[in-house]
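Presented below is the structure to which this report refers.
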Amino acid sequence: MFFLENAEIIRNDRVADGIYELECSASEIAGNGDPGQFVHMEVKPYSVESVSPLLRRPFSLYGVTREQGTISILYRIRGKGTSILAQVKPGEYLSVLGPLGRGFTLPAEGSATLLVGGGMGIAPLVYLADRLVRLSCDVNVLYGAETASELVALDKLQQEGAKCHIATMDGSRGYKGLVTDLLTCISEGEPTRMSTGKQACTDIVYSCGPLEMMAHVAKFAKERGIPGEVSLESYMACGVGVCLGCALRLRNGDASYAKVCSDGPVFSMAEVEFGAGEGEVRQ
Amino acid sequence: MFFLENAEIIRNDRVADGIYELECSASEIAGNGDPGQFVHMEVKPYSVESVSPLLRRPFSLYGVTREQGTISILYRIRGKGTSILAQVKPGEYLSVLGPLGRGFTLPAEGSATLLVGGGMGIAPLVYLADRLVRLSCDVNVLYGAETASELVALDKLQQEGAKCHIATMDGSRGYKGLVTDLLTCISEGEPTRMSTGKQACTDIVYSCGPLEMMAHVAKFAKERGIPGEVSLESYMACGVGVCLGCALRLRNGDASYAKVCSDGPVFSMAEVEFGAGEGEVRQ
Amino acid sequence: MNLETDLGGIKLADPVVMASGTFGYGFGYEGLIGPGDVGAIITKATTREPWAGNPPPRIAETPCGMLNAIGLENPGVEVFLSEYLPRLRKSGAVVIVNIAGRTFEEYVELASMIGTAKGVRGIELNISCPNVDMGGMQLGTSPDMVYKIVDSVKQVTHLPVMPKLSPNVTDIVEIAKAAESAGADAISMINTVQGMAVDIETKRPILGNVFGGLSGPAIKPIALRMVYQVYQAVDVPILGGGGIMSAKDAIEFLLVGAKAVSVGTGTFINPRLAMEIKAGIEDYMARHGHTGLHEIIGAAIL
Amino acid sequence: MNLETDLGGIKLADPVVMASGTFGYGFGYEGLIGPGDVGAIITKATTREPWAGNPPPRIAETPCGMLNAIGLENPGVEVFLSEYLPRLRKSGAVVIVNIAGRTFEEYVELASMIGTAKGVRGIELNISCPNVDMGGMQLGTSPDMVYKIVDSVKQVTHLPVMPKLSPNVTDIVEIAKAAESAGADAISMINTVQGMAVDIETKRPILGNVFGGLSGPAIKPIALRMVYQVYQAVDVPILGGGGIMSAKDAIEFLLVGAKAVSVGTGTFINPRLAMEIKAGIEDYMARHGHTGLHEIIGAAIL
Ligand SMILES: Cc1cc2nc3c(=O)[nH]c(=O)nc-3n(C[C@H](O)[C@H](O)[C@H](O)COP(=O)(O)OP(=O)(O)OC[C@H]3O[C@@H](n4cnc5c(N)ncnc54)[C@H](O)[C@@H]3O)c2cc1C
Ligand SMILES: Cc1cc2nc3c(=O)[nH]c(=O)nc-3n(C[C@H](O)[C@H](O)[C@H](O)COP(=O)(O)OP(=O)(O)OC[C@H]3O[C@@H](n4cnc5c(N)ncnc54)[C@H](O)[C@@H]3O)c2cc1C
Ligand SMILES: Cc1cc2nc3c(=O)[nH]c(=O)nc-3n(C[C@H](O)[C@H](O)[C@H](O)COP(=O)(O)O)c2cc1C
Ligand SMILES: Cc1cc2nc3c(=O)[nH]c(=O)nc-3n(C[C@H](O)[C@H](O)[C@H](O)COP(=O)(O)O)c2cc1C
Ligand code: FES
Ligand code: FES
């Protein structure tokens with residue numbers, strides 16, 4: 001069940017260089033959206049009719065405030081659509097379609113969970129962490145970014161009660177290097193003391209970010225027999241499963257393709273063929 | 001000689017329902033633009049690259065402040081381009097090409113001049129009136145609009161020192177009816193006492209507005225042997241004479257067409273074939 | 001006000017039709033718009049056997065348009081008839097089935113299978129999909145083959161048959177005439193225009209299939225021109241579309257001779273577009289004092 | 001960095017060429033951009049006698065595009081040679097003359113007149129203008145006629161001859177091959193795509209000529225696809241264009257095989273576009289470590 005809402009923009013703030021957080025009122029979507037689901041947003045200037053950029057743009061739910069009926073997204077400027085989106089002012093309206101897709105599978109209450117996010121991939125994990133904490137789960141987040149200033153979701157994660165472990169490529173905060181290196185530290189009991197030896201004390205792993213990162217996380221999880229899920233991207237037209245534009249070949253799929261928009265965007269790590277170059281990278 | 005300026009928007013104010021006055025810095029255009037010339041403006045939102053609407057939009061110079069290096073235009077929202085233009089905020093930049101075209105022929109100092117403008121057609125006449133007053137001309141403006149609130153240029157005209165005679169279709173100010181009816185009043189010495197009998201004491205007539213209005217003015221001028229000029233419109237692509245898109249068939253033209261953008265937009269009334277449906281209406 | 005129209009025997013309560021491949025099997029936008037809310041729905045292309053479609057990426061945005069290279073992915077006619085058609089039938093929608101094949105025989109077999117199924121009101125012959133190696137574009141670009149396929153299909157079904165023309169031809173009129181003379185009940189136009197997109201950073205075509213079909217507002221001027229030309233040349237009704245994003249666009253197609261209009265890509269941007277177009281046509285007709293669609297269909301033909 | 005390129009014997013210092021009909025005779029944007037600032041300029045179509053062109057309106061904006069129906073208005077070859085060419089010659093610009101005719105004989109006569117004029121570096125054969133009753137589109141859509149016209153023109157001139165192909169054809173490759181086998185030195189593509197626009201308030205076509213040629217970003221995907229196809233099929237160099245509005249767009253054409261690119265409609269929006277594209281290509285090449293254009297031409301062909 002999804003909705004088409006003419007959403008008033010409440011905030012659209014630059015939170016780091018080229019990164020924005022947008023909050024808008026969309027009460028139906030707020031009331032129904034689960035972590036890992038996304039919205040398909042019209043991108044147009046000044047609420048003026050426009051056919052360029054033509055298609056809607058998909059963004060993961062980053063936060064939801066059910067009481068106030070608002071949702072938020074976190075996005076990076078990549079091309080024309082996001083450039084225009086970044087200029088939209090509070091008080092303007094954009095059409096938002098959602099919540100769309102299959103979100104993350106939530107574990108049993110009190111589970112130990114590991115979330116690995118890189119760059120904008122953190123967005124769906126932040127909403128997920130919120131839900132997991134409410135489910136009394138132990139929530140460890142490995143959060144990677146280029147540099148400290150791009151760790152824009154850190155406060156929110158910490159407020160939610162997630163334990164955050166940081167990696168930046170330039171070492172400006174936390175571990176210097178790939179966020180996936182933290183996985184090894186974890187499995188060696190250092191520095192996060194989450195686990196000892198090969199048997200990580202994590203019931204489930206969730207990941208979203210660059211494809212290579214997710215591939216690495218999937219390998220890690222597989223080796224340790226931990227179930228896991230990833231959130232993928234694809235070019236999308238309809239966002240609801242009718243156009244077959246977002247096709248993704250799954251590992252054990254028969255001849256046919258999965259649809260990222262409606263069979264995903266969240267898939268079991270075991271299903272995804274990371275080498276295949278399908279699905280887009282979110283950086 | 002014309003220029004391409006990246007003009008900062010200084011003001012873009014709604015001056016009546018659907019009517020806006022935009023002022024921007026464009027020092028070269030301000031320094032060189034004459035009454036009746038126009039600018040060809042890029043219309044895009046937020047200074048973000050955009051190919052829709054694709055073409056520039058032509059607007060007559062409405063005012064020029066040489067000292068400050070600014071120009072202004074007066075425009076009515078008609079379609080997509082002007083809708084977007086109306087949303088542009090001070091501080092944003094738009095590319096402006098100009099001054100373009102052949103403006104009005106200025107009369108000898110101290111001439112008696114009659115300006116007849118309807119709707120947005122008043123725009124070039126306001127800048128013309130300013131110049132005529134500086135030339136110590138006697139400037140009578142017949143100014144028509146739908147309703148009093150749309151007489152947005154009246155203050156400016158009066159400040160410049162022009163004598164204004166008003167007609168509104170709904171009679172909310174001045175004469176009730178067509179502005180061209182005032183011509184008859186004039187020639188009959190009522191109510192403006194500009195002239196008596198058939199011999200109007202006007203050396204030259206200038207007009208801009210709906211085609212039917214200009215046709216009427218041209219007929220009036222012809223009957224009385226007064227020379228006159230009109231400013232015409234046309235769909236335009238280049239605005240500078242290279243594309244041949246703005247073709248207009250003149251009365252005594254040979255087989256070939258005139259270009260509204262570079263042979264005009266101001267033409268001698270005697271040249272224009274008003275019945276032909278060529279040239280666009282400015283309302 | 002009367003919005004009824006007729007596509008060669010397919011009676012429509014209003015002239016807005018959901019284009020093939022952009023509305024699935026009618027229920028993808030449930031809650032927002034259903035197959036019973038529109039004049040008719042044309043289902044995603046159905047083939048004899050299941051087709052896997054093209055490798056991704058299948059979609060690329062272009063200026064005021066999009067390219068798609070879905071490659072006619074579909075589960076095959078048997079699944080269509082057993083799984084999708086029953087639900088559509090129950091909805092009471094006017095269902096037109098778009099069929100595609102690699103050979104004449106496939107078209108004929110599909111048409112006869114569909115002709116005996118309950119709840120189908122017409123067949124749209126997809127002879128113009130530019131994304132398939134065999135059949136596909138080659139088929140729809142030769143008048144002789146268009147004649148042959150329409151003629152063969154007509155012989156095995158009593159349903160109205162509406163070939164869907166490819167714009168990727170030198171002379172659309174010649175193709176339309178061939179279709180008419182073979183007995184086509186209506187003509188659907190236009191399918192997508194073949195195009196491509198390139199990524200300058202990877203130095204590779206964006207689409208997995210290299211080429212794709214261009215749809216959306218970018219192609220509207222081309223589609224209008226072709227409808228205008230074909231309307232003057234044939235007597236069968238035209239379902240016109242390509243780039244319709246508003247009631248204004250739809251009215252343009254009616255004015256150049258379309259008896260009904262198809263909305264495709266526009267639905268992705270505004271799922272409720274078809275219903276808004278219907279309302280917008282009513283407004284327009286009221287404003288211009290028209291009471292029936294026939295008063296505007298073809299009115300702009302000089 | 002080396003931006004030099006060669007269009008079948010026409011040597012260009014950089015690959016950005018001003019498209020015919022969008023830059024007049026080179027001096028319309030004086031002060032902003034001149035004929036010597038670009039790789040080459042192709043002049044507005046020249047005919048044997050003066051042509052008046054089509055009745056207005058001649059221009060309509062469409063989504064991400066524009067229609068034009070100028071109808072080849074021009075003062076005729078004699079005026080071109082006596083009034084416009086001398087100034088162009090003095091500027092030192094690389095001048096390619098676009099010629100159009102109603103008959104073979106006119107093309108041949110024009111080509112021989114121009115071939116003996118000083119300061120012309122090549123001839124572009126406009127066999128694709130969709131706005132003329134005779135000649136025009138019909139001509140450019142038949143491989144036989146394309147062969148014949150290229151062949152005839154080649155016989156009367158030593159200048160490089162570059163036919164400009166119409167996209168309004170079923171099989172652009174077939175046309176390109178005909179041109180090549182007739183001795184074309186290069187191929188220019190694409191001309192505008194035939195389209196139309198309608199005003200729903202007046203219920204009339206917007207253009208005085210009803211149909212016009214679509215140009216601008218809307219047609220870029222179509223143009224890229226055609227260049228890609230033709231590059232694979234012929235050996236002569238291609239001047240590619242259609243909808244180029246940025247260096248990125250221009251690079252896309254180079255990647256699918258164009259040896260030089262033409263900028264048309266884009267100049268109306270940004271008069272200095274051609275120069276900015278040249279700079280943008282240089283940036284791109286520097287960023288990707290390329291030193292010559294040949295390293296990117298055709299690099300995206302699979
Ligand atoms: C399910 C899903 C969730 C997403 N969530 C987020 C998020 O939370 N935050 C965020 O910053 N980004 C997210 N993205 C990516 C986001 O949709 C793209 O960055 C955005 O569409 C780019 O638009 P643009 O116009 O700025 O870029 P464009 O100018 O269109 O292109 C720039 C690049 O963006 C990518 N892109 C363009 N359109 C799409 C599309 N429709 N789908 C996927 N990739 C595209 C292409 O790789 C392209 O090269 C998500 C994508 C998907 C599919
Ligand atoms: C020399 C000249 C001076 C002008 N001065 C003024 C002025 O001072 N104030 C003012 O309000 N308007 C002026 N106009 C008209 C103005 O250019 C159009 O109203 C504007 O381009 C409409 O753009 P749009 O995108 O809003 O409308 P669109 O959505 O493009 O179309 C709405 C209508 O506007 C007209 N139009 C569209 N494009 C053009 C164009 N390039 N040239 C002419 N008409 C067009 C058409 O009749 C069309 O039906 C002038 C036009 C010309 C040629
Ligand atoms: C994603 C997508 C899938 C399509 N699939 C089909 C199809 O299966 N069969 C068909 O005949 N046309 C198909 N089309 C073409 C549309 O039905 C329509 O003819 C075309 O897109 C032009 O209309 P539009 O601009 O309104 O989209 C498809 C178009 C798109 C965008
Ligand atoms: C206003 C206008 C006039 C044109 N005149 C000619 C012409 O005289 N001869 C010709 O071969 N092409 C002509 N063209 C086509 C262009 O040269 C070019 O091939 C086409 O516009 C596509 O490129 P673009 O999208 O960059 O404009 C004209 C195009 C426009 C827009
Ligand atoms: S985006 Fe249309 S099916 Fe997924
Ligand atoms: S608008 Fe191009 S010649 Fe006038």
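Each chain of the structure tokens is named A, B, ... in the order shown, its residues numbered from 1; ligands are numbered from 1 in display order.
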Q: List every residue of stretch 112-187 of chain B that DSSP, applied to the backbone, labels as alpha helix (DSSP H), and write the result as a list in words.
A: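 Checking each residue of stretch 112-187 of chain B, the alpha helix (DSSP H) ones are Ile122, Ala123, Pro124, Leu125, Val126, Tyr127, Leu128, Ala129, Asp130, Arg131, Leu132, Val133, Arg134, Leu154, Asp155, Lys156, Leu157, Gln158, Gln159, Glu160, Asp181, Leu182, Leu183, Thr184, Cys185, Ile186 and Ser187 of chain B.
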Q: Check every protein, DNA and RNA residue against ligand 4, keep those with an atom at most 7 Å away (counting only C-alpha atoms and all ligand atoms), and present them as a PyMOL selection string.
A: (chain B and resi 243-245) or (chain D and resi 19-22+44-45+68+70+72+98+126+128-129+164+189-192+215-217+219+241-244+262-266)
Okay, now the selection with N, CA, C and O atoms, as a compact mmCIF listing (two decimals), in the first residue's frame?
```txt
# COMPACT_ATOMS: atom_id res chain seq x y z
N CYS B 243 18.87 33.15 -37.43
CA CYS B 243 18.08 31.93 -37.65
C CYS B 243 16.93 32.12 -38.63
O CYS B 243 16.38 31.16 -39.14
N LEU B 244 16.54 33.35 -38.86
CA LEU B 244 15.42 33.68 -39.77
C LEU B 244 14.08 33.13 -39.25
O LEU B 244 13.16 32.90 -40.03
N GLY B 245 14.00 32.96 -37.97
CA GLY B 245 12.79 32.37 -37.39
C GLY B 245 11.68 33.37 -37.14
O GLY B 245 10.51 33.00 -37.06
N ALA D 19 26.73 24.57 -36.92
CA ALA D 19 25.80 23.91 -37.82
C ALA D 19 25.12 24.90 -38.76
O ALA D 19 24.89 26.06 -38.41
N SER D 20 24.80 24.42 -39.93
CA SER D 20 24.16 25.26 -40.94
C SER D 20 22.83 25.82 -40.45
O SER D 20 22.03 25.13 -39.83
N GLY D 21 22.61 27.08 -40.74
CA GLY D 21 21.32 27.71 -40.45
C GLY D 21 21.21 28.28 -39.06
O GLY D 21 20.21 28.90 -38.72
N THR D 22 22.24 28.07 -38.26
CA THR D 22 22.16 28.54 -36.88
C THR D 22 23.25 29.55 -36.55
O THR D 22 23.37 30.00 -35.42
N LYS D 44 24.56 28.97 -43.77
CA LYS D 44 23.14 28.75 -44.04
C LYS D 44 22.97 28.21 -45.46
O LYS D 44 23.68 28.62 -46.36
N ALA D 45 22.03 27.31 -45.63
CA ALA D 45 21.80 26.70 -46.94
C ALA D 45 21.73 27.77 -48.04
O ALA D 45 21.04 28.77 -47.90
N ASN D 68 11.61 24.24 -36.32
CA ASN D 68 11.76 25.37 -37.22
C ASN D 68 11.27 24.97 -38.59
O ASN D 68 11.39 23.82 -39.02
N ILE D 70 11.92 27.23 -41.41
CA ILE D 70 12.42 28.42 -42.11
C ILE D 70 12.16 28.27 -43.60
O ILE D 70 11.82 29.24 -44.27
N LEU D 72 14.45 27.28 -45.80
CA LEU D 72 15.66 27.61 -46.56
C LEU D 72 15.67 29.01 -47.16
O LEU D 72 16.23 29.22 -48.24
N ASN D 98 26.88 24.98 -47.18
CA ASN D 98 25.72 24.09 -47.25
C ASN D 98 24.89 24.48 -48.46
O ASN D 98 24.52 25.64 -48.61
N ASN D 126 22.92 19.57 -48.44
CA ASN D 126 21.69 19.49 -47.67
C ASN D 126 20.66 18.70 -48.47
O ASN D 126 19.94 19.25 -49.28
N SER D 128 18.44 16.89 -46.91
CA SER D 128 17.62 16.38 -45.82
C SER D 128 16.72 17.41 -45.19
O SER D 128 16.07 17.14 -44.20
N CYS D 129 16.66 18.58 -45.76
CA CYS D 129 15.80 19.57 -45.15
C CYS D 129 14.35 19.14 -45.32
O CYS D 129 13.88 18.94 -46.42
N LYS D 164 24.56 15.64 -45.86
CA LYS D 164 23.98 15.75 -44.52
C LYS D 164 22.72 14.91 -44.48
O LYS D 164 21.75 15.19 -45.18
N MET D 189 25.64 14.40 -39.84
CA MET D 189 24.36 13.91 -39.32
C MET D 189 24.19 14.36 -37.88
O MET D 189 25.17 14.46 -37.18
N ILE D 190 22.97 14.67 -37.46
CA ILE D 190 21.75 14.52 -38.22
C ILE D 190 21.12 15.90 -38.46
O ILE D 190 21.37 16.83 -37.71
N ASN D 191 20.33 15.97 -39.49
CA ASN D 191 19.48 17.12 -39.67
C ASN D 191 18.29 16.98 -38.72
O ASN D 191 18.25 16.07 -37.91
N THR D 192 17.34 17.89 -38.82
CA THR D 192 16.23 17.88 -37.87
C THR D 192 15.25 16.73 -38.14
O THR D 192 15.18 16.20 -39.24
N SER D 215 14.81 20.17 -33.42
CA SER D 215 16.23 20.18 -33.06
C SER D 215 16.34 20.41 -31.56
O SER D 215 15.34 20.61 -30.89
N GLY D 216 17.56 20.38 -31.06
CA GLY D 216 17.77 20.59 -29.63
C GLY D 216 17.88 19.29 -28.86
O GLY D 216 17.80 18.20 -29.43
N PRO D 217 18.05 19.41 -27.53
CA PRO D 217 18.33 18.25 -26.67
C PRO D 217 17.37 17.08 -26.85
O PRO D 217 17.78 15.93 -26.69
N ILE D 219 16.35 15.63 -29.36
CA ILE D 219 16.72 14.66 -30.41
C ILE D 219 18.09 14.03 -30.18
O ILE D 219 18.52 13.17 -30.95
N GLY D 241 26.06 15.49 -34.65
CA GLY D 241 25.41 16.51 -33.84
C GLY D 241 23.92 16.31 -33.82
O GLY D 241 23.37 15.46 -34.52
N GLY D 242 23.29 17.12 -33.01
CA GLY D 242 21.85 17.03 -32.77
C GLY D 242 21.66 17.16 -31.27
O GLY D 242 21.93 16.24 -30.52
N GLY D 243 21.28 18.37 -30.83
CA GLY D 243 21.00 18.55 -29.41
C GLY D 243 22.19 18.80 -28.54
O GLY D 243 22.08 18.72 -27.31
N ILE D 244 23.33 19.14 -29.12
CA ILE D 244 24.51 19.39 -28.27
C ILE D 244 24.37 20.73 -27.54
O ILE D 244 24.21 21.77 -28.15
N SER D 262 28.81 19.11 -34.40
CA SER D 262 28.18 20.35 -34.84
C SER D 262 27.24 20.87 -33.78
O SER D 262 26.53 20.13 -33.13
N VAL D 263 27.30 22.18 -33.61
CA VAL D 263 26.48 22.86 -32.62
C VAL D 263 25.49 23.74 -33.36
O VAL D 263 25.89 24.59 -34.15
N GLY D 264 24.21 23.52 -33.14
CA GLY D 264 23.19 24.29 -33.84
C GLY D 264 22.36 25.10 -32.86
O GLY D 264 22.77 26.18 -32.40
N THR D 265 21.21 24.57 -32.51
CA THR D 265 20.27 25.22 -31.60
C THR D 265 20.96 25.74 -30.34
O THR D 265 20.60 26.80 -29.82
N GLY D 266 21.94 25.01 -29.85
CA GLY D 266 22.64 25.40 -28.62
C GLY D 266 23.19 26.81 -28.67
O GLY D 266 23.24 27.50 -27.64
```
Mind dumping a table of every chain A residue within 12 Å of chain B, with the nearest atom pair and its distance in Å to one decimal, using only C-alpha atoms, sorted by chain and rising number, as a Markdown table?
```
| residue | atom | partner | partner_atom | distance |
| --- | --- | --- | --- | --- |
| A:Lys44 | CA | B:Pro45 | CA | 9.3 |
| A:Pro45 | CA | B:Pro45 | CA | 6.3 |
| A:Tyr46 | CA | B:Gln87 | CA | 6.7 |
| A:Ser47 | CA | B:Ile84 | CA | 9.5 |
| A:Val48 | CA | B:Ile84 | CA | 6.8 |
| A:Glu49 | CA | B:Lys80 | CA | 7.6 |
| A:Ser50 | CA | B:Ser52 | CA | 7.7 |
| A:Val51 | CA | B:Ser52 | CA | 7.6 |
| A:Ser52 | CA | B:Ser52 | CA | 6.2 |
| A:Pro53 | CA | B:Ser50 | CA | 8.7 |
| A:Leu54 | CA | B:Ser52 | CA | 10.5 |
| A:Gly79 | CA | B:Glu49 | CA | 10.3 |
| A:Lys80 | CA | B:Glu49 | CA | 7.6 |
| A:Gly81 | CA | B:Val48 | CA | 10.1 |
| A:Thr82 | CA | B:Val48 | CA | 10.7 |
| A:Ser83 | CA | B:Val48 | CA | 7.2 |
| A:Ile84 | CA | B:Val48 | CA | 6.8 |
| A:Leu85 | CA | B:Tyr46 | CA | 10.3 |
| A:Ala86 | CA | B:Tyr46 | CA | 9.8 |
| A:Gln87 | CA | B:Tyr46 | CA | 6.7 |
| A:Val88 | CA | B:Tyr46 | CA | 8.9 |
| A:Lys89 | CA | B:Tyr46 | CA | 10.8 |
| A:Glu92 | CA | B:Gln87 | CA | 11.5 |
```
Q.
What's around stretch 203-210 of chain A at 8 Å? Count only C-alpha atoms, leave out sequence neighbours fewer than 6 positions away in its own chain, and write the answer as an MDAnalysis selection string.
A. chainID A and resid 107 111:122 124:125 217 221 226:232 281:283
Q | Neighbours of chain A in chain C at 7 Å, counting only C-alpha atoms, as a ChimeraX atom specification | A | /C:21-24,28,52,56-59,63-65,70,268-269
**Q.** Selection near B:Ala148, 10 Å with only C-alpha atoms, sequence-local residues under 3 positions removed, as JSON, numbers by chain
**A.** {"B": [16, 144, 145, 151, 152, 154, 166, 167, 168, 169, 170, 171, 172, 173, 174]}
Dump as a tab-separated table (two decimals), in the first residue's frame, selection limited to N, CA and C atoms:
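Once written, out39.tsv looks like this:
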```tsv
chain	number	residue	atom	x	y	z
B	16	ALA	N	1.31	43.56	-10.05
B	16	ALA	CA	-0.14	43.38	-10.17
B	16	ALA	C	-0.36	41.88	-10.33
B	144	GLY	N	-3.80	52.00	-22.02
B	144	GLY	CA	-4.96	51.15	-21.82
B	144	GLY	C	-4.63	49.88	-21.07
B	145	ALA	N	-5.59	49.44	-20.28
B	145	ALA	CA	-5.42	48.18	-19.56
B	145	ALA	C	-6.78	47.60	-19.28
B	151	LEU	N	-2.57	49.05	-14.36
B	151	LEU	CA	-1.89	50.25	-14.88
B	151	LEU	C	-0.57	50.44	-14.13
B	152	VAL	N	0.25	49.40	-14.19
B	152	VAL	CA	1.42	49.32	-13.32
B	152	VAL	C	2.52	50.31	-13.66
B	154	LEU	N	2.00	53.44	-14.60
B	154	LEU	CA	1.49	54.82	-14.57
B	154	LEU	C	2.37	55.75	-13.74
B	166	ILE	N	-5.88	57.71	-19.56
B	166	ILE	CA	-6.13	56.32	-19.20
B	166	ILE	C	-7.43	55.78	-19.79
B	167	ALA	N	-7.36	54.54	-20.21
B	167	ALA	CA	-8.60	53.82	-20.55
B	167	ALA	C	-8.51	52.44	-19.91
B	168	THR	N	-9.57	52.04	-19.27
B	168	THR	CA	-9.62	50.66	-18.78
B	168	THR	C	-10.89	50.01	-19.32
B	169	MET	N	-10.81	48.74	-19.56
B	169	MET	CA	-11.95	48.05	-20.14
B	169	MET	C	-13.12	48.02	-19.17
B	170	ASP	N	-12.80	47.94	-17.87
B	170	ASP	CA	-13.89	47.86	-16.91
B	170	ASP	C	-14.23	49.23	-16.32
B	171	GLY	N	-13.58	50.27	-16.81
B	171	GLY	CA	-13.89	51.61	-16.36
B	171	GLY	C	-13.44	51.91	-14.94
B	172	SER	N	-12.62	51.04	-14.38
B	172	SER	CA	-12.20	51.27	-12.99
B	172	SER	C	-11.28	52.47	-12.86
B	173	ARG	N	-10.78	52.93	-13.97
B	173	ARG	CA	-10.03	54.19	-13.95
B	173	ARG	C	-10.05	54.78	-15.36
B	174	GLY	N	-10.20	56.07	-15.44
B	174	GLY	CA	-10.17	56.74	-16.74
B	174	GLY	C	-11.38	56.39	-17.59
```
**Q.** chain D contacts to chain C at 8 Å (only C-alpha atoms) as a PyMOL selection string
**A.** chain D and resi 62-65+141+168-171+193-200+203-205+211+214+217-219+221-226+248+251-252+255+299-302
Q. Stretch 6-207 of chain D: which residues are strand (DSSP E) by DSSP, as a VMD selection string?
A. chain D and resid 6 to 7 10 to 12 16 to 18 40 to 42 59 to 62 65 to 68 95 to 99 122 to 126 161 to 164 187 to 189 193 to 196 198 to 199 204 to 205
